[in-house]
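Participant: One structure follows; several queries about it will come next.
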Amino acid sequence: MGAIPTQRETVSRAPSRASGAPARRGADRRTVTHATLGGGPLAPGAARGLVRAALAEWARLGLPGAESLPDRLTDDAMVVVSELVTNAVVHAGTDVELACRLEAPEEGEQEEGAEGAGVALVVEVSDHHPSRAPRDGGAELPYDIPEYGRGLRLVSVLSEAWGVTYRTGTKTVWARLPAEGVTHDDDIEAYAGPHALGHGLRDAEILAPEPQRGARDQEWLNHGALSFLAEASDLLAGQLDEDLVAALTGQLLVPRLADWCAVWLEDESMGRGSGSSVSWGDGSGGGGGPRLARVWHSSEDRIEELRRALEKDPPRTPDTTRTGPVPVPWPGEALGGCGETGAALAYRLVAGGRPLGTLVIGRAGMIRFPDEVTGLVEDLSRRVALAIGAARQYARQATISRILQRGLLPGAVAEIPGVSSALVYEPCDKGGPSGDFYDLFPAGDGRWCFAVGDVQGKGPEAAVVIGLARPWLRLLAREGYRVGDVLDRLNQLLLDDATETADAAARALVAAEGRSAVPAVLSAGSAVVPAAVRPGEGPQTRFLSLLYGELVPFDGGVRCTLASAGHPLPLVLRAGGEVRTVAEPQTLLGVVEDETYTSESFELRPGDSLLCVTDGVTERRCGPRQFDDGDGLASALAGCAGLSAQLIAERIRRLVHEFGEKPPEDDLALLVLQT
């Protein structure tokens, strides 16, 4: 990111002394951070986390200007970053470049005794849609909205200077936040526009949730609205269910800003034409129309009556993706009858150019909402839309993960004559594919095979390895290959697949470099890496630890042959209470070319139990200690003498959970086979 542009290059609005934000000489390069964020609903939260972490790190290191930053500067930065990134995501829809730097005066420039004087935090947010205005100011604005930006009012209030820079293919909005704060003649005027002052305390009285709160609510409008939006952003961003987002929206708005509100949610497949040209249906979610997800009223005894009225005659909104307020009819008798009227506004909920629903608010006994309220609710509606988009993205991912997980694990484990089995399988991440897997299946000719494995990593990359390993295990076993031979061939299969993946990634990288400079994306560690090798798409080393065995029942017991490839060794609990380790440790699968694996055979007599686990059991931590330290797992198994397979599995699971104060941080799988 280059230096902040000069006034000549910039369209700027500076509410106080500065008219531009040129970079200061001597700025410490250590107090600079930047990243590229995907243009999705999670970008504002990621940006806030990045800036908060950077400020904390600079303060910890005692870098120039960061030694005594006030908490207020961090709060202001969270609001500004959230506004600018949200604005870019909603109106541009491209990747977002975030840059943040701390500027401190050179030695001798700071006034004596003025702590933090001259120190400023500069925030730059760039997108790659340079044709759009910061807030679509060229279109006709409904409901008497001031013609300059809405979200940028917050930036104007908190900044000593801000501006907009246009370069080829890039548009940047920047703001400078002074550590000592900014004093405006009237904060609410900067936020709500020239109409706000004329309303005075009358607006505060309209907004009061209780009688005689005018002065207190005017103070809230002047100063609390900014923190309200920031806190609402954090509250909404943490929700992973769209109906809960709708419910929280009602509680945020009522009674502070409205007497009642309603939220409709619509399927994204309805597209842009989801306004007046689409039948809203009966509010039940059927018929392909928007679904009335939430109705809230300051008087709870009116909620159901209001819901029925809105379901019967829902408001119509224009066929547009604009997010500004649109007047809608008052719902009449549902709100008291006897000629009582009020003002009602509808806001389209749009994220990334996609309509997600509609928010409607109402206030009784007034002709129109004051301008500061319409602007504040519109800013909140943008955050609601982003939260709904994030919740839907999570729901889609969770659905895909559940379907994928079902395909990666057996639908049922086989029943073996003379053997009882028990299984515990607990993925750590409920929203994504686990790295652990298991199988127990018939292999023909009186043989049954079992496997317990653990793939390096989790998520889609782990799913790819499991999707390769489990079908091949079954195929090789049913073809009659011995235990060691199965591992030999599976090892070579993983190595060949990794080589092919690396070759494909290398070819893609060379092709991208030949065309142009490779665009950058934000990786998990906040480092910038080429887009051609995004995480999960490039050459990934696919390690697999596996315990694989074969069972052959005979009169008086079961003959077991097994091998361990980099996996926790299995334990046998004899009927008399003796515990011993079986199998020898060998190399992980997918690491060494032409590795030869060996197996070990033994007999399980009546009452004997075989315990197979993943490292989520053995490496369960409590401070510096692990569950298997000092043969902890063997000791736990020895205490299970005389128990059934199911009770052994449940007891080991309980002991693992009770070992640490916090929930397990790794996937957990264990299999018990008992003759």
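Chain labels follow the order of the structure tokens: the first chain is A, the next B, and so on; residue numbering restarts at 1 in every chain, and ligands are counted from 1 in their shown order.
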Skip range 413-425 of chain A itself and residues of its chain fewer than 6 positions away, then list as a ChimeraX atom specification all residues within 9 Å of it, counting only C-alpha atoms.

Facilitator: /A:436-442,448,551,553-554,557-558,606,644-650,653,667-675

Participant: Restricting it to N, CA, C and O atoms, dump the selection as a CSV table (one decimal), in the first residue's frame.

Facilitator:
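As a result, result_15.csv now contains:
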```csv
chain,number,residue,atom,x,y,z
A,436,ASP,N,-10.0,-37.8,12.0
A,436,ASP,CA,-10.0,-39.2,12.4
A,436,ASP,C,-11.1,-40.0,11.6
A,436,ASP,O,-12.1,-39.4,11.2
A,437,PHE,N,-10.8,-41.3,11.5
A,437,PHE,CA,-11.8,-42.1,10.8
A,437,PHE,C,-11.6,-43.5,11.3
A,437,PHE,O,-10.6,-43.9,12.0
A,438,TYR,N,-12.6,-44.4,11.0
A,438,TYR,CA,-12.6,-45.8,11.5
A,438,TYR,C,-13.4,-46.6,10.5
A,438,TYR,O,-14.1,-46.1,9.6
A,439,ASP,N,-13.2,-47.9,10.6
A,439,ASP,CA,-14.0,-48.8,9.7
A,439,ASP,C,-13.9,-50.2,10.3
A,439,ASP,O,-13.0,-50.6,11.0
A,440,LEU,N,-15.0,-51.0,10.1
A,440,LEU,CA,-15.0,-52.4,10.5
A,440,LEU,C,-15.9,-53.1,9.5
A,440,LEU,O,-17.1,-52.8,9.5
A,441,PHE,N,-15.4,-54.0,8.7
A,441,PHE,CA,-16.1,-54.5,7.6
A,441,PHE,C,-15.7,-56.0,7.3
A,441,PHE,O,-14.6,-56.4,7.6
A,442,PRO,N,-16.6,-56.7,6.7
A,442,PRO,CA,-16.3,-58.1,6.3
A,442,PRO,C,-15.4,-58.1,5.0
A,442,PRO,O,-15.7,-57.3,4.1
A,448,TRP,N,-12.7,-60.6,8.8
A,448,TRP,CA,-13.2,-59.2,9.1
A,448,TRP,C,-12.0,-58.3,9.3
A,448,TRP,O,-11.0,-58.7,9.9
A,551,LEU,N,-9.3,-59.9,11.5
A,551,LEU,CA,-9.8,-60.8,12.5
A,551,LEU,C,-10.4,-62.1,11.8
A,551,LEU,O,-11.1,-62.0,10.9
A,553,PRO,N,-12.3,-65.4,13.3
A,553,PRO,CA,-12.8,-66.2,14.4
A,553,PRO,C,-12.5,-67.7,14.2
A,553,PRO,O,-12.5,-68.2,13.1
A,554,PHE,N,-12.3,-68.4,15.3
A,554,PHE,CA,-12.1,-69.8,15.4
A,554,PHE,C,-12.7,-70.3,16.7
A,554,PHE,O,-13.1,-69.5,17.5
A,557,GLY,N,-12.0,-68.6,20.2
A,557,GLY,CA,-11.4,-67.2,20.2
A,557,GLY,C,-11.3,-66.6,18.8
A,557,GLY,O,-12.0,-67.1,17.9
A,558,VAL,N,-10.5,-65.6,18.7
A,558,VAL,CA,-10.3,-64.9,17.4
A,558,VAL,C,-8.8,-64.7,17.2
A,558,VAL,O,-8.1,-64.3,18.1
A,606,PRO,N,-11.7,-65.8,25.1
A,606,PRO,CA,-12.9,-65.3,25.7
A,606,PRO,C,-12.7,-64.4,26.8
A,606,PRO,O,-11.9,-64.7,27.7
A,644,SER,N,-17.9,-54.9,30.0
A,644,SER,CA,-18.3,-55.2,28.6
A,644,SER,C,-17.6,-54.2,27.7
A,644,SER,O,-17.0,-53.2,28.1
A,645,ALA,N,-17.6,-54.5,26.4
A,645,ALA,CA,-16.9,-53.6,25.4
A,645,ALA,C,-17.5,-52.2,25.5
A,645,ALA,O,-16.8,-51.2,25.5
A,646,GLN,N,-18.9,-52.1,25.6
A,646,GLN,CA,-19.5,-50.8,25.6
A,646,GLN,C,-19.1,-50.0,26.9
A,646,GLN,O,-18.8,-48.8,26.8
A,647,LEU,N,-19.1,-50.7,28.0
A,647,LEU,CA,-18.7,-50.0,29.3
A,647,LEU,C,-17.2,-49.6,29.3
A,647,LEU,O,-16.9,-48.6,29.8
A,648,ILE,N,-16.3,-50.4,28.6
A,648,ILE,CA,-14.9,-50.1,28.5
A,648,ILE,C,-14.8,-48.8,27.7
A,648,ILE,O,-14.1,-47.8,28.1
A,649,ALA,N,-15.5,-48.7,26.6
A,649,ALA,CA,-15.4,-47.6,25.7
A,649,ALA,C,-15.9,-46.3,26.4
A,649,ALA,O,-15.3,-45.2,26.4
A,650,GLU,N,-17.0,-46.4,27.1
A,650,GLU,CA,-17.6,-45.3,27.8
A,650,GLU,C,-16.7,-44.8,29.0
A,650,GLU,O,-16.5,-43.6,29.2
A,653,ARG,N,-13.6,-43.0,27.5
A,653,ARG,CA,-14.1,-41.7,27.1
A,653,ARG,C,-14.3,-40.7,28.2
A,653,ARG,O,-13.8,-39.6,28.2
A,667,ASP,N,-9.7,-34.3,17.7
A,667,ASP,CA,-10.7,-35.3,17.5
A,667,ASP,C,-10.4,-36.5,18.3
A,667,ASP,O,-9.2,-36.8,18.7
A,668,LEU,N,-11.4,-37.3,18.7
A,668,LEU,CA,-11.3,-38.4,19.6
A,668,LEU,C,-12.0,-39.6,19.0
A,668,LEU,O,-13.2,-39.5,18.6
A,669,ALA,N,-11.3,-40.7,18.8
A,669,ALA,CA,-11.9,-42.0,18.3
A,669,ALA,C,-11.3,-43.1,19.0
A,669,ALA,O,-10.1,-43.2,19.2
A,670,LEU,N,-12.1,-44.1,19.4
A,670,LEU,CA,-11.6,-45.3,20.1
A,670,LEU,C,-12.5,-46.5,19.7
A,670,LEU,O,-13.7,-46.3,19.6
A,671,LEU,N,-11.9,-47.6,19.5
A,671,LEU,CA,-12.6,-48.8,19.1
A,671,LEU,C,-12.3,-50.0,20.1
A,671,LEU,O,-11.1,-50.2,20.4
A,672,VAL,N,-13.3,-50.6,20.6
A,672,VAL,CA,-13.0,-51.8,21.6
A,672,VAL,C,-13.6,-53.0,20.9
A,672,VAL,O,-14.8,-53.0,20.5
A,673,LEU,N,-12.8,-54.1,20.8
A,673,LEU,CA,-13.2,-55.4,20.3
A,673,LEU,C,-13.0,-56.4,21.4
A,673,LEU,O,-11.9,-56.5,21.9
A,674,GLN,N,-14.1,-57.1,21.7
A,674,GLN,CA,-14.0,-58.0,22.9
A,674,GLN,C,-14.6,-59.4,22.4
A,674,GLN,O,-15.7,-59.5,21.9
A,675,THR,N,-13.8,-60.4,22.7
A,675,THR,CA,-14.3,-61.8,22.4
A,675,THR,C,-15.3,-62.2,23.5
A,675,THR,O,-15.1,-62.0,24.6
```

Participant: Quick one: pick out all strand (DSSP E) residues within range 260-442 of chain A from a backbone DSSP run and write them as a VMD selection string.

Facilitator: chain A and resid 260 to 265 291 to 297 326 to 327 342 to 351 354 to 364 420 to 426 436 to 442

Participant: Taking 4 positions as the minimum chain separation for residues in the same chain, which residues sit within 6 Å of range 568-577 of chain A when counting only C-alpha atoms? Answer as a list in words.

Facilitator: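 The residues satisfying every condition are Thr581, Val582, Gly607, Asp608, Ser609, Leu610, Leu611, Cys612, Ala638 and Ala641 of chain A.
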
Participant: Rank nothing, just name the residue among A:Leu252, A:Ala565, A:Val96, A:Ala35 nearest to Thr614 in chain A, using only C-alpha atoms.

Facilitator: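 For Thr614 in chain A, the nearest of the candidates is A:Ala565.
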
Participant: Identify which of the residues A:Leu476, A:Leu257, A:Ala246, A:Leu177 lies closest to Asp75 in chain A, counting only C-alpha atoms when measuring atom-to-atom distances.

Facilitator: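 Smallest distance to Asp75 in chain A is found for A:Leu177.
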
Participant: Tell me which protein, DNA and RNA residues are within 12 Å of Val360 in chain A, counting only C-alpha atoms, leaving out same-chain ones fewer than 3 positions away, and put them as a PyMOL selection string.

Facilitator: chain A and resi 246+249-250+253-254+257-265+292-297+310+314-317+323-331+343-349+357+363+374+377-378+381

Participant: Write the residues you've just listed into a file as a PDB file, in the first residue's frame, and include C-alpha atoms for each of them.

Facilitator:
```pdb
ATOM      1  CA  ALA A 246     -33.294 -11.622  13.195  1.00  0.00           C
ATOM      2  CA  THR A 249     -32.100  -7.261  15.510  1.00  0.00           C
ATOM      3  CA  GLY A 250     -35.507  -6.814  17.114  1.00  0.00           C
ATOM      4  CA  LEU A 253     -34.003  -1.730  17.749  1.00  0.00           C
ATOM      5  CA  VAL A 254     -36.946  -1.960  20.165  1.00  0.00           C
ATOM      6  CA  LEU A 257     -35.158   3.333  18.048  1.00  0.00           C
ATOM      7  CA  ALA A 258     -38.646   2.039  17.254  1.00  0.00           C
ATOM      8  CA  ASP A 259     -41.869   0.795  18.854  1.00  0.00           C
ATOM      9  CA  TRP A 260     -41.841  -2.350  16.740  1.00  0.00           C
ATOM     10  CA  CYS A 261     -39.903  -4.076  14.020  1.00  0.00           C
ATOM     11  CA  ALA A 262     -40.245  -7.065  11.697  1.00  0.00           C
ATOM     12  CA  VAL A 263     -37.651  -9.010   9.729  1.00  0.00           C
ATOM     13  CA  TRP A 264     -38.398 -10.953   6.554  1.00  0.00           C
ATOM     14  CA  LEU A 265     -35.811 -13.397   5.217  1.00  0.00           C
ATOM     15  CA  LEU A 292     -41.500 -13.511   8.317  1.00  0.00           C
ATOM     16  CA  ALA A 293     -38.717 -14.607  10.656  1.00  0.00           C
ATOM     17  CA  ARG A 294     -39.201 -12.178  13.563  1.00  0.00           C
ATOM     18  CA  VAL A 295     -41.736  -9.698  14.901  1.00  0.00           C
ATOM     19  CA  TRP A 296     -40.991  -7.648  17.994  1.00  0.00           C
ATOM     20  CA  HIS A 297     -43.020  -4.985  19.811  1.00  0.00           C
ATOM     21  CA  LEU A 310     -48.030  -8.370   8.645  1.00  0.00           C
ATOM     22  CA  PRO A 314     -46.885  -7.517   4.147  1.00  0.00           C
ATOM     23  CA  PRO A 315     -45.327  -4.239   3.000  1.00  0.00           C
ATOM     24  CA  ARG A 316     -44.063  -3.990  -0.554  1.00  0.00           C
ATOM     25  CA  THR A 317     -40.576  -2.730  -1.286  1.00  0.00           C
ATOM     26  CA  THR A 323     -30.383  -0.294   1.363  1.00  0.00           C
ATOM     27  CA  GLY A 324     -31.928   3.115   2.113  1.00  0.00           C
ATOM     28  CA  PRO A 325     -35.224   3.612   3.965  1.00  0.00           C
ATOM     29  CA  VAL A 326     -38.497   3.409   2.039  1.00  0.00           C
ATOM     30  CA  PRO A 327     -41.824   4.538   3.616  1.00  0.00           C
ATOM     31  CA  VAL A 328     -44.391   1.724   3.893  1.00  0.00           C
ATOM     32  CA  PRO A 329     -48.040   1.774   5.046  1.00  0.00           C
ATOM     33  CA  TRP A 330     -48.821   1.703   8.759  1.00  0.00           C
ATOM     34  CA  PRO A 331     -50.293  -1.708   9.742  1.00  0.00           C
ATOM     35  CA  ALA A 343     -44.487   6.133  10.606  1.00  0.00           C
ATOM     36  CA  ALA A 344     -43.053   2.904   9.194  1.00  0.00           C
ATOM     37  CA  LEU A 345     -39.899   2.391   7.135  1.00  0.00           C
ATOM     38  CA  ALA A 346     -38.566  -0.607   5.219  1.00  0.00           C
ATOM     39  CA  TYR A 347     -34.871  -1.332   4.643  1.00  0.00           C
ATOM     40  CA  ARG A 348     -33.655  -3.915   2.176  1.00  0.00           C
ATOM     41  CA  LEU A 349     -31.057  -6.262   3.681  1.00  0.00           C
ATOM     42  CA  GLY A 357     -34.464  -9.911   3.294  1.00  0.00           C
ATOM     43  CA  ARG A 363     -43.034   4.339  15.605  1.00  0.00           C
ATOM     44  CA  THR A 374     -33.003   6.645   9.590  1.00  0.00           C
ATOM     45  CA  VAL A 377     -30.946   2.149  11.381  1.00  0.00           C
ATOM     46  CA  GLU A 378     -29.581   1.931   7.849  1.00  0.00           C
ATOM     47  CA  SER A 381     -29.296  -2.900   8.668  1.00  0.00           C
TER      48      SER A 381
END
```

Participant: Quick check for you: according to DSSP on this backbone, which residues of range 626-657 of chain A are classed as helix (DSSP H, G or I)? Reply as a CSV table (one decimal) with all heavy atoms, in the first residue's frame.

Facilitator:
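Once everything was written out, this is out_12.csv:
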```csv
chain,number,residue,atom,x,y,z
A,632,GLY,N,-0.5,-44.0,31.2
A,632,GLY,CA,-1.8,-43.7,31.7
A,632,GLY,C,-3.0,-44.4,31.1
A,632,GLY,O,-3.9,-44.8,31.7
A,633,LEU,N,-2.9,-44.6,29.8
A,633,LEU,CA,-3.9,-45.3,29.1
A,633,LEU,C,-4.0,-46.8,29.5
A,633,LEU,O,-5.1,-47.4,29.7
A,633,LEU,CB,-3.8,-45.2,27.6
A,633,LEU,CG,-4.8,-45.9,26.7
A,633,LEU,CD1,-6.2,-45.4,27.0
A,633,LEU,CD2,-4.5,-45.8,25.2
A,634,ALA,N,-2.8,-47.4,29.7
A,634,ALA,CA,-2.8,-48.8,30.1
A,634,ALA,C,-3.4,-48.9,31.5
A,634,ALA,O,-4.1,-49.9,31.8
A,634,ALA,CB,-1.4,-49.4,30.1
A,635,SER,N,-3.0,-48.0,32.4
A,635,SER,CA,-3.6,-48.0,33.7
A,635,SER,C,-5.1,-47.9,33.7
A,635,SER,O,-5.8,-48.6,34.5
A,635,SER,CB,-3.0,-46.9,34.6
A,635,SER,OG,-1.6,-47.1,34.7
A,636,ALA,N,-5.6,-47.0,32.9
A,636,ALA,CA,-7.0,-46.8,32.8
A,636,ALA,C,-7.7,-48.1,32.3
A,636,ALA,O,-8.8,-48.5,32.7
A,636,ALA,CB,-7.4,-45.6,31.9
A,637,LEU,N,-7.1,-48.7,31.3
A,637,LEU,CA,-7.7,-49.9,30.7
A,637,LEU,C,-7.6,-51.1,31.8
A,637,LEU,O,-8.6,-51.9,31.8
A,637,LEU,CB,-6.9,-50.4,29.5
A,637,LEU,CG,-7.4,-51.6,28.7
A,637,LEU,CD1,-8.9,-51.4,28.3
A,637,LEU,CD2,-6.6,-51.9,27.5
A,638,ALA,N,-6.6,-51.1,32.6
A,638,ALA,CA,-6.5,-52.2,33.6
A,638,ALA,C,-7.7,-52.1,34.6
A,638,ALA,O,-8.1,-53.1,35.1
A,638,ALA,CB,-5.2,-52.1,34.3
A,645,ALA,N,-17.6,-54.5,26.4
A,645,ALA,CA,-16.9,-53.6,25.4
A,645,ALA,C,-17.5,-52.2,25.5
A,645,ALA,O,-16.8,-51.2,25.5
A,645,ALA,CB,-17.1,-54.2,24.0
A,646,GLN,N,-18.9,-52.1,25.6
A,646,GLN,CA,-19.5,-50.8,25.6
A,646,GLN,C,-19.1,-50.0,26.9
A,646,GLN,O,-18.8,-48.8,26.8
A,646,GLN,CB,-21.0,-51.0,25.6
A,646,GLN,CG,-21.8,-49.7,25.4
A,646,GLN,CD,-21.5,-49.0,24.1
A,646,GLN,OE1,-21.5,-49.6,23.1
A,646,GLN,NE2,-21.3,-47.7,24.2
A,647,LEU,N,-19.1,-50.7,28.0
A,647,LEU,CA,-18.7,-50.0,29.3
A,647,LEU,C,-17.2,-49.6,29.3
A,647,LEU,O,-16.9,-48.6,29.8
A,647,LEU,CB,-19.0,-50.9,30.5
A,647,LEU,CG,-20.5,-51.1,30.7
A,647,LEU,CD1,-20.7,-52.1,31.9
A,647,LEU,CD2,-21.2,-49.8,31.0
A,648,ILE,N,-16.3,-50.4,28.6
A,648,ILE,CA,-14.9,-50.1,28.5
A,648,ILE,C,-14.8,-48.8,27.7
A,648,ILE,O,-14.1,-47.8,28.1
A,648,ILE,CB,-14.1,-51.2,27.9
A,648,ILE,CG1,-14.0,-52.4,28.9
A,648,ILE,CG2,-12.7,-50.7,27.6
A,648,ILE,CD1,-13.4,-53.6,28.2
A,649,ALA,N,-15.5,-48.7,26.6
A,649,ALA,CA,-15.4,-47.6,25.7
A,649,ALA,C,-15.9,-46.3,26.4
A,649,ALA,O,-15.3,-45.2,26.4
A,649,ALA,CB,-16.2,-47.8,24.4
A,650,GLU,N,-17.0,-46.4,27.1
A,650,GLU,CA,-17.6,-45.3,27.8
A,650,GLU,C,-16.7,-44.8,29.0
A,650,GLU,O,-16.5,-43.6,29.2
A,650,GLU,CB,-19.0,-45.6,28.3
A,650,GLU,CG,-19.7,-44.5,29.1
A,650,GLU,CD,-19.8,-43.2,28.3
A,650,GLU,OE1,-19.9,-43.3,27.1
A,650,GLU,OE2,-19.7,-42.1,28.9
A,651,ARG,N,-16.1,-45.8,29.7
A,651,ARG,CA,-15.2,-45.4,30.8
A,651,ARG,C,-14.0,-44.7,30.3
A,651,ARG,O,-13.6,-43.7,30.9
A,651,ARG,CB,-14.8,-46.6,31.6
A,651,ARG,CG,-14.0,-46.3,32.8
A,651,ARG,CD,-13.9,-47.4,33.8
A,651,ARG,NE,-13.1,-47.1,35.0
A,651,ARG,CZ,-13.0,-47.9,36.0
A,651,ARG,NH1,-13.6,-49.0,36.1
A,651,ARG,NH2,-12.2,-47.5,37.0
A,652,ILE,N,-13.3,-45.2,29.2
A,652,ILE,CA,-12.1,-44.5,28.7
A,652,ILE,C,-12.5,-43.1,28.2
A,652,ILE,O,-11.8,-42.1,28.5
A,652,ILE,CB,-11.5,-45.3,27.6
A,652,ILE,CG1,-11.1,-46.7,28.1
A,652,ILE,CG2,-10.4,-44.6,27.0
A,652,ILE,CD1,-10.0,-46.7,29.1
A,653,ARG,N,-13.6,-43.0,27.5
A,653,ARG,CA,-14.1,-41.7,27.1
A,653,ARG,C,-14.3,-40.7,28.2
A,653,ARG,O,-13.8,-39.6,28.2
A,653,ARG,CB,-15.4,-41.8,26.3
A,653,ARG,CG,-15.8,-40.5,25.6
A,653,ARG,CD,-17.3,-40.5,25.3
A,653,ARG,NE,-18.1,-40.4,26.5
A,653,ARG,CZ,-18.4,-39.2,27.1
A,653,ARG,NH1,-17.9,-38.1,26.5
A,653,ARG,NH2,-19.1,-39.1,28.2
A,654,ARG,N,-14.9,-41.2,29.3
A,654,ARG,CA,-15.1,-40.3,30.5
A,654,ARG,C,-13.8,-39.9,31.1
A,654,ARG,O,-13.6,-38.7,31.5
A,654,ARG,CB,-16.0,-41.0,31.5
A,654,ARG,CG,-16.3,-40.2,32.7
A,654,ARG,CD,-17.3,-40.9,33.6
A,654,ARG,NE,-16.9,-42.3,34.0
A,654,ARG,CZ,-16.0,-42.6,34.9
A,654,ARG,NH1,-15.5,-41.6,35.7
A,654,ARG,NH2,-15.7,-43.8,35.2
A,655,LEU,N,-12.9,-40.8,31.2
A,655,LEU,CA,-11.6,-40.5,31.9
A,655,LEU,C,-10.8,-39.5,31.0
A,655,LEU,O,-10.2,-38.6,31.6
A,655,LEU,CB,-10.8,-41.8,32.1
A,655,LEU,CG,-11.3,-42.8,33.1
A,655,LEU,CD1,-10.5,-44.1,33.1
A,655,LEU,CD2,-11.3,-42.2,34.5
A,656,VAL,N,-10.9,-39.6,29.7
A,656,VAL,CA,-10.2,-38.7,28.8
A,656,VAL,C,-10.8,-37.3,29.0
A,656,VAL,O,-10.1,-36.3,29.1
A,656,VAL,CB,-10.3,-39.1,27.4
A,656,VAL,CG1,-9.8,-38.0,26.4
A,656,VAL,CG2,-9.5,-40.4,27.2
A,657,HIS,N,-12.1,-37.2,29.1
A,657,HIS,CA,-12.8,-35.9,29.2
A,657,HIS,C,-12.5,-35.3,30.6
A,657,HIS,O,-12.2,-34.1,30.7
A,657,HIS,CB,-14.3,-36.0,29.1
A,657,HIS,CG,-14.7,-36.0,27.6
A,657,HIS,ND1,-15.1,-34.8,27.0
A,657,HIS,CD2,-14.8,-37.0,26.7
A,657,HIS,CE1,-15.5,-35.1,25.7
A,657,HIS,NE2,-15.3,-36.4,25.5
```

Participant: Just give me the gap between CA of Leu386 in chain A and CA of Ala351 in chain A in Å, one decimal is fine.

Facilitator: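 Between CA of Leu386 in chain A and CA of Ala351 in chain A the gap is 5.6 Å.
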
Participant: Just to confirm, what's the straight-line distance from CA of Ser434 in chain A to CA of Gln405 in chain A in Å (one decimal)?

Facilitator: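 About the pair CA of Ser434 in chain A and CA of Gln405 in chain A: they are 7.5 Å apart.
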
Participant: Mind checking which residues fall within 10 Å of range 50-59 of chain A, counting only C-alpha atoms, ignoring those fewer than 4 positions away in the same chain, and posting them as a PyMOL selection string?

Facilitator: chain A and resi 30-35+44-46+63-69+73-75+77-78+81+98-102+121+123+526

Participant: Counting only C-alpha atoms, what is within 9 Å of Gln393 in chain A, bar same-chain residues fewer than 4 positions away, as number ranges by chain?

Facilitator: A: 41, 240, 388-389, 397-398

Participant: Provide the CA of Cys640 in chain A to CA of Pro663 in chain A distance in Å, to one decimal place.

Facilitator: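 One can read the CA of Cys640 in chain A to CA of Pro663 in chain A distance as 23.2 Å.
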
Participant: Using only C-alpha atoms for the distances, tell me which of A:Ala43, A:Val613, A:Ala387, A:Cys622 is nearest to Thr94 in chain A.

Facilitator: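 Closest to Thr94 in chain A of all the choices is A:Ala43.
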
Participant: Which one is closest to Leu359 in chain A: A:Ala237, A:Leu380, A:Ile466, A:Val157? Count only C-alpha atoms.

Facilitator: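 The closest residue to Leu359 in chain A is A:Leu380.
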
Participant: Find the residue from A:Ala469, A:Val125, A:Leu604, A:Ala506 that sits nearest to Gly590 in chain A; use only C-alpha atoms when measuring.

Facilitator: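 Answer, going by the shortest atom-to-atom distance: A:Ala469.
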